[in-house]
Amino acid sequence: MCAWLSAQRDRGGVIVGVELTDEAVRLADLRAARGRTVMVLGHEQSGIPPEALDLIDMTVEIPMVGMGASLNVAVAGSLVLYRLAGLA
C-alpha cells in the first residue's frame, strides 16, 4: 500500500487520511477536493498503519458525541467522501 500511496503523491495526488492526529482537520472544516485526491481509511480498531501515516498530506477527524470512540469504517468513509465531493 505504501508504494502505491507514494506513487499517487508523485502524480500530484493529495493523500487524505481519516484518523485522529494532533494536526487533524475537523470534518466540518474539510474543503472540497480540487484535484486528484486519495482517501485512506484504517482498521476500525488500530487505525492507519504508521508507515502509511507518514505518506499522508492531511488527516481528517470526525467529532464524536457520547461514548463511541469510532464510527464504522464505511460510515466514516462516506461522510468524508461527501465533504470532499463538495456536497456539504
# chains A, B, ... in the order shown; residues from 1 in each chain; ligands from 1
call {"tool": "select_by_dssp", "arguments": {"residues": "chain A", "states": "strand (DSSP E or B)", "output": "list in words"}}
result
Val14, Ile15, Val16, Gly17, Val18, Val25, Arg26, Thr37, Val38, Met39, Val40, Leu41, His43, Gly47, Met58, Thr59, Val60 and Glu61 of chain A
call {"tool": "closest_residue", "arguments": {"among": "A:Glu44, A:Asp54, A:Asp10, A:Glu61", "to": "A:Ala74", "atoms": "only C-alpha atoms"}}
result
A:Glu44
call {"tool": "residues_around", "arguments": {"residues": "A:Val60", "least_positions_apart": "6", "cutoff": "12 Å", "atoms": "only C-alpha atoms", "output": "PyMOL selection string"}}
result
chain A and resi 15-31+39-41+76-77+79-81+83-84
call {"tool": "atom_distance", "arguments": {"atom1": "atom CA of A:Arg36", "atom2": "atom CA of A:Tyr82"}}
result
15.2 Å
call {"tool": "atom_distance", "arguments": {"atom1": "atom CA of A:Thr59", "atom2": "atom CA of A:Val38"}}
result
11.5 Å
call {"tool": "closest_residue", "arguments": {"among": "A:Ala52, A:Met1, A:Val14, A:Leu87", "to": "A:Arg34", "atoms": "only C-alpha atoms"}}
result
A:Val14
call {"tool": "select_by_dssp", "arguments": {"residues": "stretch 25-82 of chain A", "states": "helix (DSSP H, G or I)", "output": "PyMOL selection string"}}
result
chain A and resi 27-29+50-53+73-82
call {"tool": "closest_residue", "arguments": {"among": "A:Cys2, A:Ala33, A:Arg9, A:Pro63", "to": "A:Ala85", "atoms": "only C-alpha atoms"}}
result
A:Ala33
call {"tool": "decode", "arguments": {"residues": "stretch 36-48 of chain A", "atoms": "all heavy atoms", "output": "PDB file, in the first residue's frame"}}
result
ATOM      1  N   ARG A  36      -6.887  15.604  -7.947  1.00  0.00           N
ATOM      2  CA  ARG A  36      -6.725  14.185  -7.627  1.00  0.00           C
ATOM      3  C   ARG A  36      -6.539  14.015  -6.117  1.00  0.00           C
ATOM      4  O   ARG A  36      -5.627  14.581  -5.525  1.00  0.00           O
ATOM      5  CB  ARG A  36      -5.514  13.658  -8.379  1.00  0.00           C
ATOM      6  CG  ARG A  36      -5.231  12.208  -8.179  1.00  0.00           C
ATOM      7  CD  ARG A  36      -3.939  11.841  -8.922  1.00  0.00           C
ATOM      8  NE  ARG A  36      -3.755  10.436  -8.932  1.00  0.00           N
ATOM      9  CZ  ARG A  36      -4.195   9.630  -9.888  1.00  0.00           C
ATOM     10  NH1 ARG A  36      -4.840  10.135 -10.921  1.00  0.00           N
ATOM     11  NH2 ARG A  36      -3.992   8.342  -9.825  1.00  0.00           N
ATOM     12  N   THR A  37      -7.420  13.234  -5.493  1.00  0.00           N
ATOM     13  CA  THR A  37      -7.394  13.040  -4.044  1.00  0.00           C
ATOM     14  C   THR A  37      -7.603  11.566  -3.737  1.00  0.00           C
ATOM     15  O   THR A  37      -8.470  10.919  -4.309  1.00  0.00           O
ATOM     16  CB  THR A  37      -8.511  13.868  -3.364  1.00  0.00           C
ATOM     17  OG1 THR A  37      -8.350  15.238  -3.736  1.00  0.00           O
ATOM     18  CG2 THR A  37      -8.454  13.744  -1.858  1.00  0.00           C
ATOM     19  N   VAL A  38      -6.802  11.065  -2.823  1.00  0.00           N
ATOM     20  CA  VAL A  38      -6.911   9.684  -2.366  1.00  0.00           C
ATOM     21  C   VAL A  38      -7.255   9.725  -0.887  1.00  0.00           C
ATOM     22  O   VAL A  38      -6.592  10.407  -0.111  1.00  0.00           O
ATOM     23  CB  VAL A  38      -5.582   8.919  -2.573  1.00  0.00           C
ATOM     24  CG1 VAL A  38      -5.658   7.526  -1.975  1.00  0.00           C
ATOM     25  CG2 VAL A  38      -5.214   8.870  -4.045  1.00  0.00           C
ATOM     26  N   MET A  39      -8.294   8.998  -0.511  1.00  0.00           N
ATOM     27  CA  MET A  39      -8.669   8.927   0.894  1.00  0.00           C
ATOM     28  C   MET A  39      -8.206   7.589   1.458  1.00  0.00           C
ATOM     29  O   MET A  39      -8.423   6.540   0.855  1.00  0.00           O
ATOM     30  CB  MET A  39     -10.181   9.058   1.065  1.00  0.00           C
ATOM     31  CG  MET A  39     -10.613   9.037   2.517  1.00  0.00           C
ATOM     32  SD  MET A  39     -12.392   9.230   2.761  1.00  0.00           S
ATOM     33  CE  MET A  39     -13.018   7.759   1.995  1.00  0.00           C
ATOM     34  N   VAL A  40      -7.586   7.631   2.639  1.00  0.00           N
ATOM     35  CA  VAL A  40      -7.093   6.422   3.295  1.00  0.00           C
ATOM     36  C   VAL A  40      -7.887   6.214   4.584  1.00  0.00           C
ATOM     37  O   VAL A  40      -7.980   7.111   5.413  1.00  0.00           O
ATOM     38  CB  VAL A  40      -5.587   6.535   3.622  1.00  0.00           C
ATOM     39  CG1 VAL A  40      -5.105   5.300   4.364  1.00  0.00           C
ATOM     40  CG2 VAL A  40      -4.786   6.766   2.361  1.00  0.00           C
ATOM     41  N   LEU A  41      -8.437   5.014   4.705  1.00  0.00           N
ATOM     42  CA  LEU A  41      -9.160   4.613   5.907  1.00  0.00           C
ATOM     43  C   LEU A  41      -8.385   3.490   6.569  1.00  0.00           C
ATOM     44  O   LEU A  41      -7.882   2.595   5.892  1.00  0.00           O
ATOM     45  CB  LEU A  41     -10.561   4.116   5.549  1.00  0.00           C
ATOM     46  CG  LEU A  41     -11.484   5.142   4.905  1.00  0.00           C
ATOM     47  CD1 LEU A  41     -12.650   4.461   4.230  1.00  0.00           C
ATOM     48  CD2 LEU A  41     -11.962   6.126   5.938  1.00  0.00           C
ATOM     49  N   GLY A  42      -8.316   3.539   7.874  1.00  0.00           N
ATOM     50  CA  GLY A  42      -7.605   2.495   8.604  1.00  0.00           C
ATOM     51  C   GLY A  42      -8.547   1.453   9.163  1.00  0.00           C
ATOM     52  O   GLY A  42      -9.767   1.523   9.001  1.00  0.00           O
ATOM     53  N   HIS A  43      -7.965   0.506   9.840  1.00  0.00           N
ATOM     54  CA  HIS A  43      -8.718  -0.534  10.526  1.00  0.00           C
ATOM     55  C   HIS A  43      -9.546   0.112  11.628  1.00  0.00           C
ATOM     56  O   HIS A  43      -9.102   1.064  12.280  1.00  0.00           O
ATOM     57  CB  HIS A  43      -7.744  -1.556  11.113  1.00  0.00           C
ATOM     58  CG  HIS A  43      -8.413  -2.750  11.692  1.00  0.00           C
ATOM     59  ND1 HIS A  43      -8.900  -2.764  12.971  1.00  0.00           N
ATOM     60  CD2 HIS A  43      -8.685  -3.961  11.159  1.00  0.00           C
ATOM     61  CE1 HIS A  43      -9.437  -3.950  13.222  1.00  0.00           C
ATOM     62  NE2 HIS A  43      -9.317  -4.690  12.128  1.00  0.00           N
ATOM     63  N   GLU A  44     -10.742  -0.387  11.855  1.00  0.00           N
ATOM     64  CA  GLU A  44     -11.638   0.226  12.840  1.00  0.00           C
ATOM     65  C   GLU A  44     -11.064   0.249  14.253  1.00  0.00           C
ATOM     66  O   GLU A  44     -11.418   1.107  15.046  1.00  0.00           O
ATOM     67  CB  GLU A  44     -12.991  -0.492  12.830  1.00  0.00           C
ATOM     68  CG  GLU A  44     -13.767  -0.218  11.557  1.00  0.00           C
ATOM     69  CD  GLU A  44     -15.095  -0.950  11.511  1.00  0.00           C
ATOM     70  OE1 GLU A  44     -15.631  -1.316  12.567  1.00  0.00           O
ATOM     71  OE2 GLU A  44     -15.589  -1.145  10.394  1.00  0.00           O
ATOM     72  N   GLN A  45     -10.176  -0.679  14.579  1.00  0.00           N
ATOM     73  CA  GLN A  45      -9.601  -0.707  15.927  1.00  0.00           C
ATOM     74  C   GLN A  45      -8.201  -0.110  15.982  1.00  0.00           C
ATOM     75  O   GLN A  45      -7.875   0.614  16.909  1.00  0.00           O
ATOM     76  CB  GLN A  45      -9.568  -2.134  16.456  1.00  0.00           C
ATOM     77  CG  GLN A  45     -10.947  -2.685  16.710  1.00  0.00           C
ATOM     78  CD  GLN A  45     -10.912  -4.123  17.191  1.00  0.00           C
ATOM     79  OE1 GLN A  45      -9.887  -4.771  17.149  1.00  0.00           O
ATOM     80  NE2 GLN A  45     -12.045  -4.610  17.651  1.00  0.00           N
ATOM     81  N   SER A  46      -7.372  -0.395  14.997  1.00  0.00           N
ATOM     82  CA  SER A  46      -5.968   0.038  15.067  1.00  0.00           C
ATOM     83  C   SER A  46      -5.648   1.251  14.207  1.00  0.00           C
ATOM     84  O   SER A  46      -4.560   1.804  14.304  1.00  0.00           O
ATOM     85  CB  SER A  46      -5.044  -1.124  14.693  1.00  0.00           C
ATOM     86  OG  SER A  46      -5.366  -1.611  13.398  1.00  0.00           O
ATOM     87  N   GLY A  47      -6.569   1.686  13.369  1.00  0.00           N
ATOM     88  CA  GLY A  47      -6.346   2.883  12.561  1.00  0.00           C
ATOM     89  C   GLY A  47      -5.420   2.652  11.374  1.00  0.00           C
ATOM     90  O   GLY A  47      -5.189   1.528  10.939  1.00  0.00           O
ATOM     91  N   ILE A  48      -4.886   3.731  10.844  1.00  0.00           N
ATOM     92  CA  ILE A  48      -3.981   3.691   9.699  1.00  0.00           C
ATOM     93  C   ILE A  48      -2.592   3.295  10.189  1.00  0.00           C
ATOM     94  O   ILE A  48      -2.102   3.871  11.163  1.00  0.00           O
ATOM     95  CB  ILE A  48      -3.932   5.064   8.986  1.00  0.00           C
ATOM     96  CG1 ILE A  48      -5.324   5.423   8.457  1.00  0.00           C
ATOM     97  CG2 ILE A  48      -2.899   5.068   7.867  1.00  0.00           C
ATOM     98  CD1 ILE A  48      -5.442   6.829   7.907  1.00  0.00           C
TER      99      ILE A  48
END
